[in-house]
file protein05.pdb (PDB, C-alpha atoms, pLDDT in the B column)
ATOM      1  CA  MET X   1      36.281  91.497  34.195  1.00 44.00           C
ATOM      2  CA  LYS X   2      34.603  88.251  35.045  1.00 53.00           C
ATOM      3  CA  ILE X   3      37.001  86.115  37.037  1.00 59.00           C
ATOM      4  CA  LEU X   4      35.449  82.681  36.574  1.00 65.00           C
ATOM      5  CA  ASN X   5      33.287  82.188  33.510  1.00 80.00           C
ATOM      6  CA  ARG X   6      31.142  79.226  32.582  1.00 85.00           C
ATOM      7  CA  ASN X   7      33.756  77.746  30.234  1.00 87.00           C
ATOM      8  CA  GLU X   8      36.349  77.551  33.034  1.00 87.00           C
ATOM      9  CA  VAL X   9      33.906  75.848  35.407  1.00 89.00           C
ATOM     10  CA  ILE X  10      33.075  73.278  32.730  1.00 92.00           C
ATOM     11  CA  TRP X  11      36.789  72.613  32.076  1.00 91.00           C
ATOM     12  CA  LEU X  12      37.427  72.227  35.802  1.00 90.00           C
ATOM     13  CA  LEU X  13      34.511  69.821  36.274  1.00 93.00           C
ATOM     14  CA  VAL X  14      35.418  67.770  33.177  1.00 93.00           C
ATOM     15  CA  THR X  15      39.009  67.455  34.444  1.00 92.00           C
ATOM     16  CA  ILE X  16      37.814  66.282  37.876  1.00 92.00           C
ATOM     17  CA  ILE X  17      35.394  63.782  36.310  1.00 93.00           C
ATOM     18  CA  PHE X  18      38.189  62.526  34.026  1.00 92.00           C
ATOM     19  CA  ILE X  19      40.454  61.991  37.068  1.00 90.00           C
ATOM     20  CA  LEU X  20      37.748  60.063  38.911  1.00 89.00           C
ATOM     21  CA  LEU X  21      37.025  57.972  35.801  1.00 92.00           C
ATOM     22  CA  ILE X  22      40.692  57.012  35.387  1.00 89.00           C
ATOM     23  CA  TYR X  23      40.921  56.227  39.091  1.00 85.00           C
ATOM     24  CA  PHE X  24      37.803  54.038  38.842  1.00 86.00           C
ATOM     25  CA  LEU X  25      39.224  52.206  35.812  1.00 88.00           C
ATOM     26  CA  ILE X  26      42.489  51.484  37.655  1.00 82.00           C
ATOM     27  CA  PHE X  27      41.147  50.467  41.089  1.00 80.00           C
ATOM     28  CA  GLY X  28      37.432  49.842  40.607  1.00 80.00           C
ATOM     29  CA  LYS X  29      34.856  50.739  43.223  1.00 80.00           C
ATOM     30  CA  GLU X  30      37.026  49.194  45.974  1.00 77.00           C
ATOM     31  CA  GLY X  31      39.570  51.968  45.420  1.00 74.00           C
ATOM     32  CA  PHE X  32      37.213  54.615  46.800  1.00 75.00           C
ATOM     33  CA  LYS X  33      37.213  53.105  50.299  1.00 75.00           C
ATOM     34  CA  SER X  34      39.256  55.019  52.839  1.00 73.00           C
ATOM     35  CA  GLU X  35      41.268  51.989  53.952  1.00 76.00           C
ATOM     36  CA  SER X  36      42.235  50.824  50.460  1.00 78.00           C
ATOM     37  CA  THR X  37      45.926  50.770  49.574  1.00 79.00           C
ATOM     38  CA  PHE X  38      48.217  50.454  46.580  1.00 74.00           C
ATOM     39  CA  ASP X  39      50.997  47.869  46.994  1.00 75.00           C
ATOM     40  CA  LEU X  40      54.363  48.161  45.286  1.00 70.00           C
ATOM     41  CA  ASN X  41      56.668  45.157  45.534  1.00 73.00           C
ATOM     42  CA  THR X  42      60.246  45.561  44.264  1.00 63.00           C
ATOM     43  CA  TYR X  43      62.676  42.806  45.143  1.00 64.00           C
ATOM     44  CA  ASP X  44      62.812  42.700  48.947  1.00 64.00           C
ATOM     45  CA  THR X  45      61.166  46.100  49.432  1.00 63.00           C
ATOM     46  CA  TYR X  46      57.425  46.188  49.889  1.00 71.00           C
ATOM     47  CA  LEU X  47      55.837  49.642  49.845  1.00 71.00           C
ATOM     48  CA  VAL X  48      52.208  50.136  50.814  1.00 76.00           C
ATOM     49  CA  ILE X  49      50.783  53.458  49.708  1.00 77.00           C
ATOM     50  CA  SER X  50      47.369  54.765  50.639  1.00 78.00           C
ATOM     51  CA  ASN X  51      45.096  55.235  47.638  1.00 79.00           C
ATOM     52  CA  ILE X  52      44.400  58.805  48.684  1.00 80.00           C
ATOM     53  CA  HIS X  53      48.062  59.634  48.037  1.00 81.00           C
ATOM     54  CA  PHE X  54      47.910  57.890  44.682  1.00 81.00           C
ATOM     55  CA  ILE X  55      44.780  59.751  43.565  1.00 84.00           C
ATOM     56  CA  PHE X  56      46.315  63.026  44.777  1.00 87.00           C
ATOM     57  CA  THR X  57      49.427  62.414  42.658  1.00 88.00           C
ATOM     58  CA  LEU X  58      47.327  61.350  39.659  1.00 87.00           C
ATOM     59  CA  SER X  59      45.147  64.444  40.042  1.00 91.00           C
ATOM     60  CA  ILE X  60      48.131  66.774  40.119  1.00 94.00           C
ATOM     61  CA  LEU X  61      49.655  65.160  37.029  1.00 93.00           C
ATOM     62  CA  LEU X  62      46.410  65.350  35.069  1.00 93.00           C
ATOM     63  CA  PHE X  63      45.663  68.929  36.136  1.00 93.00           C
ATOM     64  CA  PHE X  64      49.182  69.911  35.142  1.00 95.00           C
ATOM     65  CA  GLY X  65      48.873  68.177  31.755  1.00 94.00           C
ATOM     66  CA  VAL X  66      45.414  69.524  30.903  1.00 94.00           C
ATOM     67  CA  TYR X  67      46.145  73.082  31.937  1.00 94.00           C
ATOM     68  CA  LEU X  68      49.583  73.076  30.330  1.00 95.00           C
ATOM     69  CA  VAL X  69      47.970  72.200  27.003  1.00 95.00           C
ATOM     70  CA  ARG X  70      45.265  74.823  27.570  1.00 94.00           C
ATOM     71  CA  SER X  71      47.852  77.491  28.425  1.00 94.00           C
ATOM     72  CA  LEU X  72      49.911  76.683  25.369  1.00 94.00           C
ATOM     73  CA  ASN X  73      46.791  76.791  23.162  1.00 94.00           C
ATOM     74  CA  THR X  74      45.789  80.212  24.501  1.00 90.00           C
ATOM     75  CA  LYS X  75      49.411  81.429  24.470  1.00 90.00           C
ATOM     76  CA  PHE X  76      49.192  82.220  28.201  1.00 90.00           C
ATOM     77  CA  LYS X  77      46.429  84.818  27.638  1.00 89.00           C
ATOM     78  CA  ASN X  78      43.851  83.270  30.026  1.00 89.00           C
ATOM     79  CA  LEU X  79      44.379  84.346  33.632  1.00 89.00           C
ATOM     80  CA  ILE X  80      42.412  81.540  35.311  1.00 90.00           C
ATOM     81  CA  VAL X  81      44.150  78.849  33.261  1.00 92.00           C
ATOM     82  CA  ASN X  82      47.527  80.346  34.156  1.00 93.00           C
ATOM     83  CA  ILE X  83      46.682  80.468  37.866  1.00 92.00           C
ATOM     84  CA  ILE X  84      45.499  76.843  37.890  1.00 93.00           C
ATOM     85  CA  LEU X  85      48.663  75.876  35.990  1.00 95.00           C
ATOM     86  CA  MET X  86      50.802  77.713  38.564  1.00 96.00           C
ATOM     87  CA  ILE X  87      49.077  75.956  41.454  1.00 95.00           C
ATOM     88  CA  SER X  88      49.368  72.546  39.804  1.00 95.00           C
ATOM     89  CA  THR X  89      53.044  73.194  38.995  1.00 96.00           C
ATOM     90  CA  ILE X  90      53.796  74.063  42.626  1.00 96.00           C
ATOM     91  CA  LEU X  91      51.931  70.972  43.810  1.00 95.00           C
ATOM     92  CA  LEU X  92      53.765  68.818  41.257  1.00 95.00           C
ATOM     93  CA  ILE X  93      57.135  70.084  42.511  1.00 95.00           C
ATOM     94  CA  ILE X  94      56.122  69.311  46.104  1.00 94.00           C
ATOM     95  CA  THR X  95      54.844  65.867  45.118  1.00 92.00           C
ATOM     96  CA  LEU X  96      58.074  65.019  43.292  1.00 90.00           C
ATOM     97  CA  MET X  97      60.043  66.139  46.341  1.00 90.00           C
ATOM     98  CA  ASN X  98      57.996  63.701  48.442  1.00 87.00           C
ATOM     99  CA  ILE X  99      58.399  60.836  45.947  1.00 82.00           C
ATOM    100  CA  PHE X 100      62.170  61.278  45.743  1.00 76.00           C
ATOM    101  CA  PRO X 101      62.959  59.526  49.109  1.00 77.00           C
ATOM    102  CA  PHE X 102      61.041  56.413  48.027  1.00 72.00           C
ATOM    103  CA  ILE X 103      63.104  56.199  44.857  1.00 73.00           C
ATOM    104  CA  GLU X 104      66.301  56.564  46.900  1.00 72.00           C
ATOM    105  CA  ILE X 105      65.185  53.705  49.181  1.00 69.00           C
ATOM    106  CA  ILE X 106      64.648  51.461  46.171  1.00 66.00           C
ATOM    107  CA  ASN X 107      67.985  52.619  44.742  1.00 65.00           C
ATOM    108  CA  GLU X 108      69.883  51.686  47.917  1.00 63.00           C
ATOM    109  CA  LYS X 109      68.336  48.217  47.932  1.00 59.00           C
ATOM    110  CA  LYS X 110      69.350  47.634  44.309  1.00 56.00           C
ATOM    111  CA  SER X 111      72.786  49.242  44.268  1.00 54.00           C
ATOM    112  CA  GLY X 112      74.932  46.246  45.189  1.00 55.00           C
ATOM    113  CA  TRP X 113      75.964  43.849  47.919  1.00 55.00           C
ATOM    114  CA  THR X 114      78.718  43.581  50.490  1.00 55.00           C
ATOM    115  CA  ILE X 115      80.191  40.582  52.298  1.00 56.00           C
ATOM    116  CA  ASN X 116      81.172  41.243  55.887  1.00 59.00           C
ATOM    117  CA  PRO X 117      83.671  38.495  56.841  1.00 61.00           C
ATOM    118  CA  PRO X 118      84.275  37.354  60.406  1.00 59.00           C
ATOM    119  CA  LEU X 119      87.066  39.193  62.229  1.00 57.00           C
ATOM    120  CA  SER X 120      89.179  36.020  62.466  1.00 61.00           C
ATOM    121  CA  VAL X 121      89.663  35.893  58.678  1.00 61.00           C
ATOM    122  CA  ASN X 122      92.662  37.945  57.538  1.00 63.00           C
ATOM    123  CA  ASP X 123      93.064  37.622  53.776  1.00 59.00           C
ATOM    124  CA  LEU X 124      89.560  37.435  52.361  1.00 58.00           C
ATOM    125  CA  LYS X 125      88.775  39.597  49.356  1.00 53.00           C
ATOM    126  CA  ILE X 126      85.511  41.446  49.622  1.00 54.00           C
ATOM    127  CA  GLU X 127      83.795  42.060  46.329  1.00 54.00           C
ATOM    128  CA  LYS X 128      81.072  44.510  45.639  1.00 55.00           C
ATOM    129  CA  LYS X 129      79.182  44.053  42.397  1.00 54.00           C
ATOM    130  CA  PHE X 130      76.893  46.676  40.963  1.00 54.00           C
ATOM    131  CA  GLU X 131      74.065  46.019  38.610  1.00 56.00           C
ATOM    132  CA  LYS X 132      73.048  48.345  35.841  1.00 58.00           C
ATOM    133  CA  ASN X 133      71.136  50.868  37.880  1.00 63.00           C
ATOM    134  CA  ASN X 134      68.076  52.263  36.116  1.00 68.00           C
ATOM    135  CA  ILE X 135      66.654  53.565  39.386  1.00 70.00           C
ATOM    136  CA  ARG X 136      69.575  55.989  39.736  1.00 74.00           C
ATOM    137  CA  ILE X 137      68.862  57.262  36.219  1.00 80.00           C
ATOM    138  CA  LEU X 138      65.196  57.697  37.179  1.00 80.00           C
ATOM    139  CA  SER X 139      66.163  59.747  40.236  1.00 80.00           C
ATOM    140  CA  TYR X 140      68.355  61.995  38.051  1.00 85.00           C
ATOM    141  CA  ILE X 141      65.501  62.438  35.579  1.00 88.00           C
ATOM    142  CA  ILE X 142      63.097  63.400  38.379  1.00 88.00           C
ATOM    143  CA  PHE X 143      65.633  65.867  39.791  1.00 89.00           C
ATOM    144  CA  ILE X 144      66.178  67.491  36.374  1.00 93.00           C
ATOM    145  CA  PHE X 145      62.402  67.582  35.826  1.00 93.00           C
ATOM    146  CA  GLN X 146      62.004  69.424  39.151  1.00 94.00           C
ATOM    147  CA  ILE X 147      64.555  72.006  38.073  1.00 95.00           C
ATOM    148  CA  PHE X 148      62.727  72.378  34.752  1.00 96.00           C
ATOM    149  CA  LEU X 149      59.427  72.854  36.617  1.00 96.00           C
ATOM    150  CA  VAL X 150      60.895  75.600  38.808  1.00 96.00           C
ATOM    151  CA  ILE X 151      62.241  77.403  35.739  1.00 97.00           C
ATOM    152  CA  PHE X 152      58.888  76.958  33.989  1.00 96.00           C
ATOM    153  CA  LEU X 153      57.066  78.317  37.057  1.00 96.00           C
ATOM    154  CA  VAL X 154      59.220  81.444  37.089  1.00 96.00           C
ATOM    155  CA  TYR X 155      58.578  81.907  33.359  1.00 96.00           C
ATOM    156  CA  LEU X 156      54.841  81.373  33.864  1.00 95.00           C
ATOM    157  CA  VAL X 157      54.676  83.966  36.631  1.00 94.00           C
ATOM    158  CA  PHE X 158      56.624  86.422  34.465  1.00 94.00           C
ATOM    159  CA  ILE X 159      54.383  85.898  31.411  1.00 94.00           C
ATOM    160  CA  THR X 160      51.196  86.077  33.488  1.00 92.00           C
ATOM    161  CA  ARG X 161      52.331  89.281  35.169  1.00 91.00           C
ATOM    162  CA  ARG X 162      53.257  90.818  31.812  1.00 90.00           C
ATOM    163  CA  ASN X 163      49.971  89.828  30.153  1.00 86.00           C
ATOM    164  CA  PHE X 164      47.726  90.903  33.036  1.00 84.00           C
ATOM    165  CA  ARG X 165      49.570  93.880  34.519  1.00 82.00           C
ATOM    166  CA  LYS X 166      46.444  96.064  34.494  1.00 69.00           C
ATOM    167  CA  THR X 167      44.168  93.346  35.862  1.00 65.00           C
ATOM    168  CA  LEU X 168      46.390  92.297  38.750  1.00 55.00           C
TER     169      LEU X 168
END

call {"tool": "encode", "arguments": {"input": "protein05.pdb", "output": "structure tokens"}}
result
Amino acid sequence: MKILNRNEVIWLLVTIIFILLIYFLIFGKEGFKSESTFDLNTYDTYLVISNIHFIFTLSILLFFGVYLVRSLNTKFKNLIVNIILMISTILLIITLMNIFPFIEIINEKKSGWTINPPLSVNDLKIEKKFEKNNIRILSYIIFIFQIFLVIFLVYLVFITRRNFRKTL
């Protein structure tokens, strides 16, 4: 059995070229410099992210999307597509685990406010107001998506092993 045929190499190269094209459309030619950064400003929090991390995350998402569609179209019968999908799923889980602390930082900044009165004041009511917190909902969605990805990865390994028992 041929492990890597011409069709798979073409799909891999087209996916990489598509990632670089999207990256170029977002950041232009300045985005390919090693010192270029992506700035995210939310209220009083200012996050500076290296573009290499952004392109890595974008690459993982696009590889996962392309190879998920390819696996579903072939009904998980292509070994190379399944292996690339497994690798991209593992990398996506790891990436989401690394993004999660940044979302929690933004969530803490947005969650509310507290007044700390001087110690000489006895009867001052301290109020804490909370805004509608969409960031907390986003963190729950990411957590549930990670659980879904782990379950999907186990299913993918099971299906791949069942379909290619003689090959592996």

call {"tool": "closest_residue", "arguments": {"input": "protein05.pdb", "among": "X:Ile93, X:Leu13, X:Leu61, X:Ile19", "to": "Phe152 (chain X)", "atoms": "all atoms listed in the file"}}
result
X:Ile93

call {"tool": "closest_residue", "arguments": {"input": "protein05.pdb", "among": "X:Ile87, X:Val81, X:Leu25, X:Met97", "to": "Phe145 (chain X)", "atoms": "all atoms listed in the file"}}
result
X:Met97

call {"tool": "atom_distance", "arguments": {"input": "protein05.pdb", "atom1": "CA of Gly28 (chain X)", "atom2": "CA of Ile49 (chain X)"}}
result
16.6 Å

call {"tool": "resolve_selection", "arguments": {"input": "protein05.pdb", "expression": "the PyMOL selection byres ((chain X and resi 33-39) around 8)", "output": "number ranges by chain"}}
result
X: 29-32, 40-41, 46-52, 54

call {"tool": "residues_around", "arguments": {"input": "protein05.pdb", "residues": "region 154-156 of chain X", "least_positions_apart": "3", "cutoff": "9 Å", "atoms": "only C-alpha atoms", "output": "PyMOL selection string"}}
result
chain X and resi 76+82+85-86+149-151+159-161

call {"tool": "residues_around", "arguments": {"input": "protein05.pdb", "residues": "Ile80 (chain X)", "least_positions_apart": "3", "cutoff": "10 Å", "atoms": "all atoms listed in the file", "output": "ChimeraX atom specification"}}
result
/X:3-5,8,67,71,76-77,83-86

call {"tool": "atom_distance", "arguments": {"input": "protein05.pdb", "atom1": "CA of Leu91 (chain X)", "atom2": "CA of Arg6 (chain X)"}}
result
25.0 Å

call {"tool": "atom_distance", "arguments": {"input": "protein05.pdb", "atom1": "CA of Val66 (chain X)", "atom2": "CA of Glu104 (chain X)"}}
result
29.3 Å

call {"tool": "resolve_selection", "arguments": {"input": "protein05.pdb", "expression": "the PyMOL selection byres ((chain X and resi 143) around 12)", "output": "VMD selection string"}}
result
chain X and resid 93 to 94 96 to 101 103 to 104 136 to 142 144 to 150

call {"tool": "closest_residue", "arguments": {"input": "protein05.pdb", "among": "X:Val69, X:Ile90, X:Ile135, X:Ile16", "to": "Ile55 (chain X)", "atoms": "only C-alpha atoms"}}
result
X:Ile16

call {"tool": "decode", "arguments": {"input": "protein05.pdb", "residues": "region 55-72 of chain X", "atoms": "N, CA, C and O atoms", "output": "compact mmCIF listing (two decimals), in the first residue's frame"}}
result
# COMPACT_ATOMS: atom_id res chain seq x y z
N ILE X 55 -0.43 32.68 13.57
CA ILE X 55 -0.45 31.86 12.36
C ILE X 55 -0.48 30.38 12.73
O ILE X 55 -1.08 29.56 12.03
N PHE X 56 0.14 30.00 13.84
CA PHE X 56 0.08 28.62 14.30
C PHE X 56 -1.36 28.22 14.64
O PHE X 56 -1.84 27.17 14.23
N THR X 57 -2.06 29.09 15.36
CA THR X 57 -3.45 28.83 15.72
C THR X 57 -4.34 28.79 14.47
O THR X 57 -5.19 27.90 14.34
N LEU X 58 -4.14 29.74 13.57
CA LEU X 58 -4.90 29.75 12.31
C LEU X 58 -4.64 28.49 11.49
O LEU X 58 -5.56 27.90 10.94
N SER X 59 -3.39 28.05 11.45
CA SER X 59 -3.04 26.85 10.70
C SER X 59 -3.73 25.62 11.28
O SER X 59 -4.25 24.78 10.53
N ILE X 60 -3.72 25.51 12.59
CA ILE X 60 -4.36 24.35 13.22
C ILE X 60 -5.86 24.34 12.94
O ILE X 60 -6.43 23.30 12.61
N LEU X 61 -6.49 25.50 13.06
CA LEU X 61 -7.93 25.57 12.79
C LEU X 61 -8.26 25.20 11.35
O LEU X 61 -9.22 24.47 11.09
N LEU X 62 -7.48 25.71 10.40
CA LEU X 62 -7.75 25.41 9.00
C LEU X 62 -7.44 23.96 8.65
O LEU X 62 -8.19 23.33 7.90
N PHE X 63 -6.34 23.42 9.19
CA PHE X 63 -6.06 22.00 8.96
C PHE X 63 -7.17 21.14 9.53
O PHE X 63 -7.62 20.18 8.90
N PHE X 64 -7.63 21.47 10.73
CA PHE X 64 -8.71 20.71 11.34
C PHE X 64 -9.97 20.79 10.48
O PHE X 64 -10.61 19.78 10.21
N GLY X 65 -10.33 21.98 10.03
CA GLY X 65 -11.54 22.14 9.21
C GLY X 65 -11.46 21.42 7.89
O GLY X 65 -12.39 20.70 7.49
N VAL X 66 -10.34 21.58 7.18
CA VAL X 66 -10.19 20.95 5.86
C VAL X 66 -10.20 19.43 5.98
O VAL X 66 -10.91 18.73 5.25
N TYR X 67 -9.44 18.92 6.93
CA TYR X 67 -9.34 17.46 7.03
C TYR X 67 -10.55 16.83 7.71
O TYR X 67 -10.82 15.65 7.52
N LEU X 68 -11.30 17.61 8.48
CA LEU X 68 -12.56 17.10 9.00
C LEU X 68 -13.55 16.90 7.87
O LEU X 68 -14.22 15.87 7.77
N VAL X 69 -13.63 17.88 6.98
CA VAL X 69 -14.53 17.77 5.82
C VAL X 69 -14.08 16.62 4.92
O VAL X 69 -14.91 15.83 4.45
N ARG X 70 -12.77 16.49 4.71
CA ARG X 70 -12.28 15.39 3.87
C ARG X 70 -12.57 14.03 4.50
O ARG X 70 -12.92 13.08 3.81
N SER X 71 -12.41 13.92 5.82
CA SER X 71 -12.70 12.65 6.49
C SER X 71 -14.17 12.30 6.43
O SER X 71 -14.53 11.14 6.23
N LEU X 72 -15.01 13.30 6.61
CA LEU X 72 -16.45 13.04 6.52
C LEU X 72 -16.86 12.65 5.10
O LEU X 72 -17.74 11.81 4.92
